[in-house]
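Enquirer: Sharing upload-v3.cif (mmCIF, C-alpha atoms) below.
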```
data_start
#
loop_
_atom_site.label_atom_id
_atom_site.label_comp_id
_atom_site.auth_asym_id
_atom_site.auth_seq_id
_atom_site.Cartn_x
_atom_site.Cartn_y
_atom_site.Cartn_z
CA MET Z 1 35.81 34.93 50.64
CA THR Z 2 35.24 33.36 47.26
CA THR Z 3 37.13 33.98 44.06
CA PRO Z 4 34.99 35.73 41.37
CA PRO Z 5 34.51 33.64 38.19
CA PRO Z 6 36.71 34.59 35.26
CA PRO Z 7 34.96 36.65 32.53
CA GLN Z 8 33.69 34.58 29.54
CA ALA Z 9 34.55 35.39 25.98
CA PRO Z 10 31.61 36.72 23.92
CA TYR Z 11 29.81 34.06 21.79
CA GLN Z 12 30.80 34.07 18.17
CA GLN Z 13 28.87 32.21 15.51
CA ALA Z 14 30.92 29.81 13.40
CA PRO Z 15 31.15 30.84 9.74
CA ALA Z 16 28.84 28.84 7.46
CA PRO Z 17 30.49 26.60 4.85
CA ALA Z 18 30.73 28.03 1.39
CA ASP Z 19 28.52 25.27 -0.11
CA ALA Z 20 25.77 25.45 2.56
CA PRO Z 21 22.22 26.44 1.33
CA GLN Z 22 21.31 30.08 1.74
CA GLN Z 23 19.48 30.83 4.96
CA ASN Z 24 17.32 33.68 6.12
CA TRP Z 25 19.73 35.15 8.68
CA GLN Z 26 19.31 38.57 7.10
CA ASP Z 27 15.79 38.90 8.54
CA ALA Z 28 17.14 38.47 12.07
CA SER Z 29 19.02 41.75 11.76
CA ALA Z 30 15.69 43.46 11.01
CA GLY Z 31 14.16 42.18 14.24
CA LEU Z 32 12.01 39.51 12.53
CA TYR Z 33 11.97 35.81 13.18
CA ALA Z 34 14.14 33.92 10.73
CA SER Z 35 13.94 30.15 10.44
CA PRO Z 36 17.29 28.38 10.20
CA ILE Z 37 15.63 25.84 7.83
CA PRO Z 38 16.29 26.59 4.16
CA GLN Z 39 13.12 27.65 2.39
CA ARG Z 40 12.00 27.10 -1.20
CA ALA Z 41 8.73 27.38 -3.07
CA ALA Z 42 6.48 24.30 -2.98
CA THR Z 43 5.87 22.55 -6.29
CA LEU Z 44 3.28 20.15 -7.68
CA GLY Z 45 5.74 17.34 -7.00
CA ASP Z 46 5.70 18.21 -3.29
CA ALA Z 47 1.89 18.21 -3.29
CA LEU Z 48 1.84 14.83 -5.08
CA ALA Z 49 4.25 13.34 -2.54
CA SER Z 50 2.12 14.69 0.31
CA GLU Z 51 -1.13 13.33 -1.11
CA TRP Z 52 0.46 9.95 -1.87
CA THR Z 53 1.66 9.72 1.74
CA LYS Z 54 -1.82 10.52 3.03
CA ILE Z 55 -3.78 8.18 0.75
CA ARG Z 56 -1.54 5.16 1.37
CA SER Z 57 -1.35 5.66 5.14
CA VAL Z 58 -5.04 6.00 6.04
CA ARG Z 59 -7.14 2.94 6.80
CA SER Z 60 -10.06 4.00 4.60
CA THR Z 61 -7.93 3.38 1.48
CA VAL Z 62 -7.05 -0.14 2.58
CA TRP Z 63 -10.64 -1.00 3.49
CA THR Z 64 -12.39 0.45 0.44
CA LEU Z 65 -9.95 -0.81 -2.19
CA GLY Z 66 -9.54 -4.12 -0.33
CA ILE Z 67 -13.29 -4.73 -0.35
CA MET Z 68 -13.46 -3.70 -4.01
CA ILE Z 69 -10.78 -6.27 -4.89
CA VAL Z 70 -12.59 -8.97 -2.89
CA LEU Z 71 -15.92 -8.20 -4.59
CA VAL Z 72 -14.58 -8.12 -8.15
CA LEU Z 73 -12.30 -11.13 -7.76
CA GLY Z 74 -14.64 -13.11 -5.50
CA LEU Z 75 -17.71 -12.73 -7.70
CA GLY Z 76 -15.60 -13.37 -10.80
CA VAL Z 77 -14.20 -16.63 -9.42
CA MET Z 78 -17.58 -17.73 -8.05
CA THR Z 79 -19.30 -17.07 -11.38
CA ALA Z 80 -16.68 -18.98 -13.33
CA VAL Z 81 -16.81 -21.98 -10.97
CA LEU Z 82 -20.63 -22.15 -10.87
CA LEU Z 83 -21.00 -21.92 -14.64
CA SER Z 84 -18.33 -24.59 -15.13
CA VAL Z 85 -19.78 -27.00 -12.55
CA THR Z 86 -23.37 -26.65 -13.77
CA ASP Z 87 -22.26 -27.00 -17.40
CA ALA Z 88 -24.36 -23.94 -18.34
CA HIS Z 89 -24.74 -23.07 -22.00
CA THR Z 90 -23.03 -19.69 -22.24
CA GLU Z 91 -21.90 -19.87 -25.86
CA SER Z 92 -24.21 -17.02 -26.92
CA VAL Z 93 -23.01 -14.68 -24.16
CA PRO Z 94 -19.67 -12.83 -24.36
CA LYS Z 95 -17.21 -14.55 -22.02
CA LEU Z 96 -15.95 -11.37 -20.40
CA SER Z 97 -19.45 -10.06 -19.64
CA PHE Z 98 -19.70 -12.08 -16.42
CA GLY Z 99 -17.25 -9.70 -14.76
CA PHE Z 100 -19.90 -6.98 -14.79
CA PHE Z 101 -21.58 -7.93 -11.50
CA GLY Z 102 -18.42 -7.61 -9.40
CA VAL Z 103 -17.47 -4.33 -11.05
CA LEU Z 104 -20.92 -2.85 -10.40
CA LEU Z 105 -20.69 -3.60 -6.68
CA GLY Z 106 -17.05 -2.52 -6.57
CA SER Z 107 -18.00 0.89 -7.96
CA ILE Z 108 -19.61 1.73 -4.58
CA CYS Z 109 -16.21 1.24 -2.91
CA VAL Z 110 -14.48 3.47 -5.46
CA ILE Z 111 -17.11 6.17 -4.95
CA THR Z 112 -16.64 6.01 -1.18
CA LEU Z 113 -12.87 6.38 -1.46
CA GLY Z 114 -13.23 9.26 -3.92
CA VAL Z 115 -15.42 11.20 -1.51
CA MET Z 116 -13.25 10.47 1.54
CA THR Z 117 -10.04 11.51 -0.26
CA ILE Z 118 -11.03 15.13 0.33
CA ALA Z 119 -14.19 15.23 2.48
CA SER Z 120 -12.55 13.41 5.41
CA GLU Z 121 -10.00 16.24 5.68
CA TYR Z 122 -12.85 18.67 6.27
CA GLY Z 123 -14.23 16.38 8.98
CA THR Z 124 -10.93 16.09 10.85
CA GLY Z 125 -9.74 19.66 10.24
CA LEU Z 126 -6.65 18.43 8.39
CA ILE Z 127 -7.62 20.58 5.40
CA ARG Z 128 -6.45 23.67 7.35
CA THR Z 129 -2.97 22.19 7.73
CA THR Z 130 -2.95 21.11 4.09
CA LEU Z 131 -3.86 24.57 2.79
CA THR Z 132 -1.41 26.23 5.19
CA ALA Z 133 1.43 24.08 3.91
CA CYS Z 134 0.30 24.52 0.29
CA PRO Z 135 -1.65 27.79 -0.14
CA SER Z 136 -2.37 27.07 -3.81
CA ARG Z 137 -5.78 25.38 -3.55
CA ALA Z 138 -5.82 24.44 -7.23
CA ARG Z 139 -2.50 22.62 -6.73
CA VAL Z 140 -3.90 20.70 -3.75
CA LEU Z 141 -7.01 19.58 -5.66
CA THR Z 142 -4.94 18.68 -8.74
CA ALA Z 143 -2.56 16.57 -6.66
CA LYS Z 144 -5.43 14.76 -4.96
CA ALA Z 145 -7.11 14.06 -8.32
CA ILE Z 146 -3.91 12.73 -9.95
CA VAL Z 147 -2.96 10.46 -7.05
CA PHE Z 148 -6.48 9.09 -6.64
CA PHE Z 149 -7.02 8.54 -10.38
CA LEU Z 150 -3.73 6.69 -10.94
CA LEU Z 151 -4.16 4.49 -7.86
CA THR Z 152 -7.77 3.53 -8.66
CA PHE Z 153 -7.12 3.00 -12.37
CA THR Z 154 -4.11 0.74 -11.72
CA ILE Z 155 -5.82 -1.48 -9.15
CA THR Z 156 -9.11 -1.73 -11.07
CA THR Z 157 -7.37 -2.59 -14.33
CA VAL Z 158 -5.23 -5.28 -12.69
CA VAL Z 159 -8.24 -6.89 -10.99
CA THR Z 160 -10.51 -6.81 -14.06
CA THR Z 161 -7.69 -8.26 -16.18
CA ALA Z 162 -7.33 -11.18 -13.76
CA VAL Z 163 -11.09 -11.84 -13.84
CA ALA Z 164 -11.21 -11.58 -17.63
CA ALA Z 165 -8.32 -14.05 -17.99
CA LEU Z 166 -10.07 -16.47 -15.62
CA HIS Z 167 -13.37 -16.30 -17.50
CA SER Z 168 -11.65 -16.61 -20.85
CA ALA Z 169 -9.89 -19.80 -19.70
CA MET Z 170 -12.79 -21.50 -17.89
CA LEU Z 171 -15.96 -20.65 -19.81
CA ASP Z 172 -17.22 -22.02 -23.12
CA GLY Z 173 -17.82 -19.86 -26.16
CA SER Z 174 -15.87 -17.93 -28.76
CA ALA Z 175 -12.60 -16.28 -27.80
CA PRO Z 176 -12.87 -12.53 -26.98
CA THR Z 177 -11.53 -10.10 -29.56
CA GLY Z 178 -8.82 -7.54 -28.84
CA GLY Z 179 -11.42 -4.79 -28.64
CA GLU Z 180 -13.47 -6.74 -26.11
CA TRP Z 181 -10.37 -7.34 -23.98
CA LEU Z 182 -9.42 -3.65 -24.08
CA ARG Z 183 -12.90 -2.43 -23.09
CA ALA Z 184 -13.38 -5.03 -20.31
CA THR Z 185 -10.01 -4.22 -18.68
CA VAL Z 186 -8.54 -0.81 -19.53
CA GLY Z 187 -11.93 0.69 -20.44
CA VAL Z 188 -13.54 -0.41 -17.18
CA GLY Z 189 -10.49 0.79 -15.24
CA LEU Z 190 -10.69 4.24 -16.83
CA TYR Z 191 -14.45 4.46 -16.29
CA MET Z 192 -14.24 3.44 -12.62
CA ALA Z 193 -11.38 5.86 -11.93
CA THR Z 194 -13.30 8.70 -13.63
CA LEU Z 195 -16.44 7.82 -11.66
CA GLY Z 196 -14.35 8.02 -8.47
CA LEU Z 197 -12.99 11.38 -9.63
CA LEU Z 198 -16.59 12.59 -9.96
CA ALA Z 199 -17.12 11.49 -6.35
CA LEU Z 200 -14.01 13.45 -5.31
CA ALA Z 201 -15.40 16.58 -6.96
CA ILE Z 202 -18.77 16.12 -5.19
CA GLY Z 203 -16.87 15.66 -1.91
CA ALA Z 204 -15.03 18.95 -2.51
CA LEU Z 205 -18.32 20.73 -3.23
CA ILE Z 206 -20.31 19.34 -0.29
CA ARG Z 207 -17.44 19.00 2.23
CA HIS Z 208 -19.29 16.26 4.13
CA SER Z 209 -18.46 12.58 3.75
CA ALA Z 210 -21.89 11.07 4.48
CA GLY Z 211 -23.74 13.65 2.40
CA ALA Z 212 -21.44 13.30 -0.62
CA ILE Z 213 -21.54 9.47 -0.52
CA THR Z 214 -25.35 9.58 -0.35
CA VAL Z 215 -25.48 11.90 -3.36
CA MET Z 216 -23.17 9.63 -5.38
CA ILE Z 217 -25.11 6.46 -4.51
CA GLY Z 218 -28.24 8.28 -5.64
CA VAL Z 219 -26.52 9.23 -8.92
CA VAL Z 220 -25.61 5.57 -9.51
CA LEU Z 221 -28.84 3.84 -8.49
CA LEU Z 222 -31.71 6.37 -8.56
CA PRO Z 223 -32.13 6.69 -12.38
CA LEU Z 224 -32.49 2.93 -12.79
CA VAL Z 225 -34.89 2.63 -9.83
CA LEU Z 226 -37.03 5.54 -11.05
CA ALA Z 227 -37.23 4.03 -14.53
CA LEU Z 228 -38.60 0.78 -13.12
CA PHE Z 229 -41.64 2.62 -11.72
CA MET Z 230 -42.51 4.73 -14.77
CA PHE Z 231 -45.50 2.86 -16.17
CA THR Z 232 -47.37 5.63 -18.02
CA LYS Z 233 -46.94 6.21 -21.75
CA ALA Z 234 -46.26 9.91 -21.16
CA LEU Z 235 -43.03 9.00 -19.36
CA ALA Z 236 -41.94 6.33 -21.84
CA GLY Z 237 -39.27 8.57 -23.40
CA LEU Z 238 -37.85 9.59 -20.02
CA GLN Z 239 -37.92 6.00 -18.86
CA GLN Z 240 -35.94 4.87 -21.91
CA ALA Z 241 -33.36 7.65 -21.40
CA LEU Z 242 -32.92 6.72 -17.73
CA PHE Z 243 -32.41 3.08 -18.68
CA GLU Z 244 -29.86 3.92 -21.39
CA TYR Z 245 -27.77 6.49 -19.49
CA SER Z 246 -27.83 5.12 -15.94
CA ILE Z 247 -24.43 4.19 -14.50
CA PRO Z 248 -25.12 0.40 -14.45
CA SER Z 249 -26.23 0.51 -18.10
CA GLN Z 250 -23.12 2.46 -19.10
CA LEU Z 251 -20.87 -0.02 -17.28
CA SER Z 252 -22.58 -2.95 -19.00
CA ALA Z 253 -21.82 -1.34 -22.37
CA PHE Z 254 -18.12 -2.11 -21.83
CA TYR Z 255 -19.06 -5.80 -21.75
CA ASP Z 256 -21.43 -5.59 -24.77
CA THR Z 257 -24.36 -6.55 -22.53
CA SER Z 258 -26.32 -3.30 -22.37
CA VAL Z 259 -29.62 -3.54 -20.50
CA THR Z 260 -31.66 -1.84 -23.23
CA GLY Z 261 -29.90 -2.84 -26.44
CA SER Z 262 -29.75 0.86 -27.40
CA GLY Z 263 -28.04 3.97 -26.11
CA PRO Z 264 -24.29 4.36 -25.47
CA SER Z 265 -22.10 1.53 -26.72
CA GLY Z 266 -18.39 0.79 -27.11
CA TRP Z 267 -16.35 3.61 -25.57
CA ASP Z 268 -19.25 6.11 -25.49
CA PRO Z 269 -19.87 5.76 -21.72
CA LEU Z 270 -16.28 6.83 -21.01
CA TRP Z 271 -16.64 10.05 -23.03
CA ILE Z 272 -19.94 10.82 -21.25
CA MET Z 273 -18.41 10.26 -17.82
CA LEU Z 274 -15.34 12.36 -18.73
CA GLY Z 275 -17.59 15.27 -19.74
CA VAL Z 276 -19.70 15.12 -16.57
CA THR Z 277 -16.60 14.81 -14.37
CA ALA Z 278 -14.87 17.74 -16.10
CA VAL Z 279 -17.84 19.99 -15.31
CA ALA Z 280 -17.93 18.81 -11.68
CA MET Z 281 -14.16 19.30 -11.26
CA LEU Z 282 -14.41 22.82 -12.70
CA GLY Z 283 -17.10 23.61 -10.13
CA ALA Z 284 -14.89 22.14 -7.39
CA TYR Z 285 -11.92 24.33 -8.45
CA ILE Z 286 -14.04 27.49 -8.51
CA THR Z 287 -15.70 26.74 -5.19
CA LEU Z 288 -12.44 25.85 -3.46
CA GLU Z 289 -10.83 29.12 -4.59
CA ASN Z 290 -13.70 31.36 -3.55
CA ARG Z 291 -14.66 30.24 -0.08
CA ASP Z 292 -13.09 29.86 3.34
CA VAL Z 293 -11.93 26.51 4.63
#
```
Would you give me this structure, written as structure tokens?

Expert:
Amino acid sequence: MTTPPPPQAPYQQAPAPADAPQQNWQDASAGLYASPIPQRAATLGDALASEWTKIRSVRSTVWTLGIMIVLVLGLGVMTAVLLSVTDAHTESVPKLSFGFFGVLLGSICVITLGVMTIASEYGTGLIRTTLTACPSRARVLTAKAIVFFLLTFTITTVVTTAVAALHSAMLDGSAPTGGEWLRATVGVGLYMATLGLLALAIGALIRHSAGAITVMIGVVLLPLVLALFMFTKALAGLQQALFEYSIPSQLSAFYDTSVTGSGPSGWDPLWIMLGVTAVAMLGAYITLENRDV
């Protein structure tokens, strides 16, 4: 015959410390699930931290920005070395203008990253988790735009400044003015970051990485290609407008080497790109708020 086990004392919860954060134990008494984790409303700072974690941890960011840096720096160094070795007469050409070729090719990388910042989440389904954690869709898009813009602007400005300093030291000709320095470094950085922001807005509207990248490459290259094949006099005005306002022509304006010699100059291309991007971002906000994931 065995001895029955002694009765156990009923479980009593230890009192919470006075300075502990308030928890949702009250809901448990109503028969509802109550998380022991303290809850608070999400803020824009939380969304920014989340987007920064995502953009710096995915491989697409490393590849696209890494290739952009290689293109801008590599072509800049190669141009400076070739012109110095061949003793080319470049006195009549602005020194900083030779950085244009690397920046033009690097813009494709920035566009790709801009699209993938949001469109890749639709491809993987991560956007459902993102919008569950942060139901405010405007806050999510704002956080993505801020993080992407600051990252792209910083890296582009640093790289273009390095190329401009190299060309200024190695090439012959008159020294660049302060305005030329500002446009070829900060101006190009702002323009490239805004162009990438336009790609992000197109990615939010189309929700497909390949489709949005194709659209943006068409926006960059198609006007210039179409203008090359407009031979009739009836299309002369349209041809001139396409030459003047194409993306490559606007980028060259920051280096004072515009393809046409007319059209936007100085900081005009930046204001044009800001206006176009603002319209696209507004459409992205409206679309994101009014449709399912």

Enquirer: Within 10 Å of Glu244 (chain Z), counting all atoms listed in the file, which residues show up once you throw out same-chain ones fewer than 5 positions away? Write them as a list in words, please.

Expert: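 Counting only the stated atoms, we get Pro223, Leu224, Leu238, Gln239, Ser249, Gln250, Ala253, Ser258, Val259, Thr260, Gly261, Ser262, Gly263, Pro264 and Ser265 of chain Z.
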
Enquirer: Give me the residues near Thr142 (chain Z) as a list of chain:residue names, where near means some atom within 10 Å (using all atoms listed in the file) and where sequence neighbours in that chain fewer than 5 positions away do not count.

Expert: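 Within the cut-off, the hits are Z:Leu44, Z:Ala47, Z:Leu48, Z:Arg137, Z:Val147, Z:Phe148, Z:Met281, Z:Tyr285.
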
Enquirer: For the provided coordinates, the residues matched by the PyMOL selection byres ((chain Z and resi 193-204) around 6) should be stated as a list in words.

Expert: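 Selected by the PyMOL selection byres ((chain Z and resi 193-204) around 6) in this file: Val110, Ile111, Gly114, Val115, Ala119, Phe149, Thr152, Phe153, Leu190, Tyr191, Met192, Leu205, Ile206, Arg207, Ala212, Thr277, Ala280, Met281 and Ala284 of chain Z.
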
Enquirer: With only C-alpha atoms as the basis for distance, which of Z:Ile213, Z:Ala236, Z:Leu105, Z:Lys95 is at the shortest distance from Pro176 (chain Z)?

Expert: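 Answer, going by the shortest atom-to-atom distance: Z:Lys95.
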
Enquirer: Taking into account only C-alpha atoms, which residue in the set Z:Val70, Z:Leu166, Z:Val293, Z:Leu131 is nearest to Ser84 (chain Z)?

Expert: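 Smallest separation from Ser84 (chain Z) among the options: Z:Leu166.
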
Enquirer: Could you list, as a PyMOL selection string, every residue matched by the PyMOL selection byres ((chain Z and resi 69) around 12) in this structure?

Expert: chain Z and resi 61-68+70-77+102-103+105-110+152+154-163

Enquirer: Mind dumping the selected residues with C-alpha atoms as a PDB file, keeping the file's coordinate frame?

Expert:
```pdb
ATOM      1  CA  THR Z  61      -7.930   3.380   1.480  1.00  0.00           C
ATOM      2  CA  VAL Z  62      -7.050  -0.140   2.580  1.00  0.00           C
ATOM      3  CA  TRP Z  63     -10.640  -1.000   3.490  1.00  0.00           C
ATOM      4  CA  THR Z  64     -12.390   0.450   0.440  1.00  0.00           C
ATOM      5  CA  LEU Z  65      -9.950  -0.810  -2.190  1.00  0.00           C
ATOM      6  CA  GLY Z  66      -9.540  -4.120  -0.330  1.00  0.00           C
ATOM      7  CA  ILE Z  67     -13.290  -4.730  -0.350  1.00  0.00           C
ATOM      8  CA  MET Z  68     -13.460  -3.700  -4.010  1.00  0.00           C
ATOM      9  CA  VAL Z  70     -12.590  -8.970  -2.890  1.00  0.00           C
ATOM     10  CA  LEU Z  71     -15.920  -8.200  -4.590  1.00  0.00           C
ATOM     11  CA  VAL Z  72     -14.580  -8.120  -8.150  1.00  0.00           C
ATOM     12  CA  LEU Z  73     -12.300 -11.130  -7.760  1.00  0.00           C
ATOM     13  CA  GLY Z  74     -14.640 -13.110  -5.500  1.00  0.00           C
ATOM     14  CA  LEU Z  75     -17.710 -12.730  -7.700  1.00  0.00           C
ATOM     15  CA  GLY Z  76     -15.600 -13.370 -10.800  1.00  0.00           C
ATOM     16  CA  VAL Z  77     -14.200 -16.630  -9.420  1.00  0.00           C
ATOM     17  CA  GLY Z 102     -18.420  -7.610  -9.400  1.00  0.00           C
ATOM     18  CA  VAL Z 103     -17.470  -4.330 -11.050  1.00  0.00           C
ATOM     19  CA  LEU Z 105     -20.690  -3.600  -6.680  1.00  0.00           C
ATOM     20  CA  GLY Z 106     -17.050  -2.520  -6.570  1.00  0.00           C
ATOM     21  CA  SER Z 107     -18.000   0.890  -7.960  1.00  0.00           C
ATOM     22  CA  ILE Z 108     -19.610   1.730  -4.580  1.00  0.00           C
ATOM     23  CA  CYS Z 109     -16.210   1.240  -2.910  1.00  0.00           C
ATOM     24  CA  VAL Z 110     -14.480   3.470  -5.460  1.00  0.00           C
ATOM     25  CA  THR Z 152      -7.770   3.530  -8.660  1.00  0.00           C
ATOM     26  CA  THR Z 154      -4.110   0.740 -11.720  1.00  0.00           C
ATOM     27  CA  ILE Z 155      -5.820  -1.480  -9.150  1.00  0.00           C
ATOM     28  CA  THR Z 156      -9.110  -1.730 -11.070  1.00  0.00           C
ATOM     29  CA  THR Z 157      -7.370  -2.590 -14.330  1.00  0.00           C
ATOM     30  CA  VAL Z 158      -5.230  -5.280 -12.690  1.00  0.00           C
ATOM     31  CA  VAL Z 159      -8.240  -6.890 -10.990  1.00  0.00           C
ATOM     32  CA  THR Z 160     -10.510  -6.810 -14.060  1.00  0.00           C
ATOM     33  CA  THR Z 161      -7.690  -8.260 -16.180  1.00  0.00           C
ATOM     34  CA  ALA Z 162      -7.330 -11.180 -13.760  1.00  0.00           C
ATOM     35  CA  VAL Z 163     -11.090 -11.840 -13.840  1.00  0.00           C
TER      36      VAL Z 163
END
```

Enquirer: If you measure from CA of Ala133 (chain Z) to CA of His208 (chain Z), what distance in Å do you get, rounded to one decimal?

Expert: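 Those two atoms sit 22.1 Å apart.
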
Enquirer: From the options Z:Thr287, Z:Thr53, Z:Ser252, Z:Thr129, which residue's atoms come nearest to Phe98 (chain Z), counting only C-alpha atoms?

Expert: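 The closest residue to Phe98 (chain Z) is Z:Ser252.
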
Enquirer: Record the distance separating CA of Thr86 (chain Z) and CA of Glu180 (chain Z), expressed in Å with one decimal.

Expert: 25.4 Å
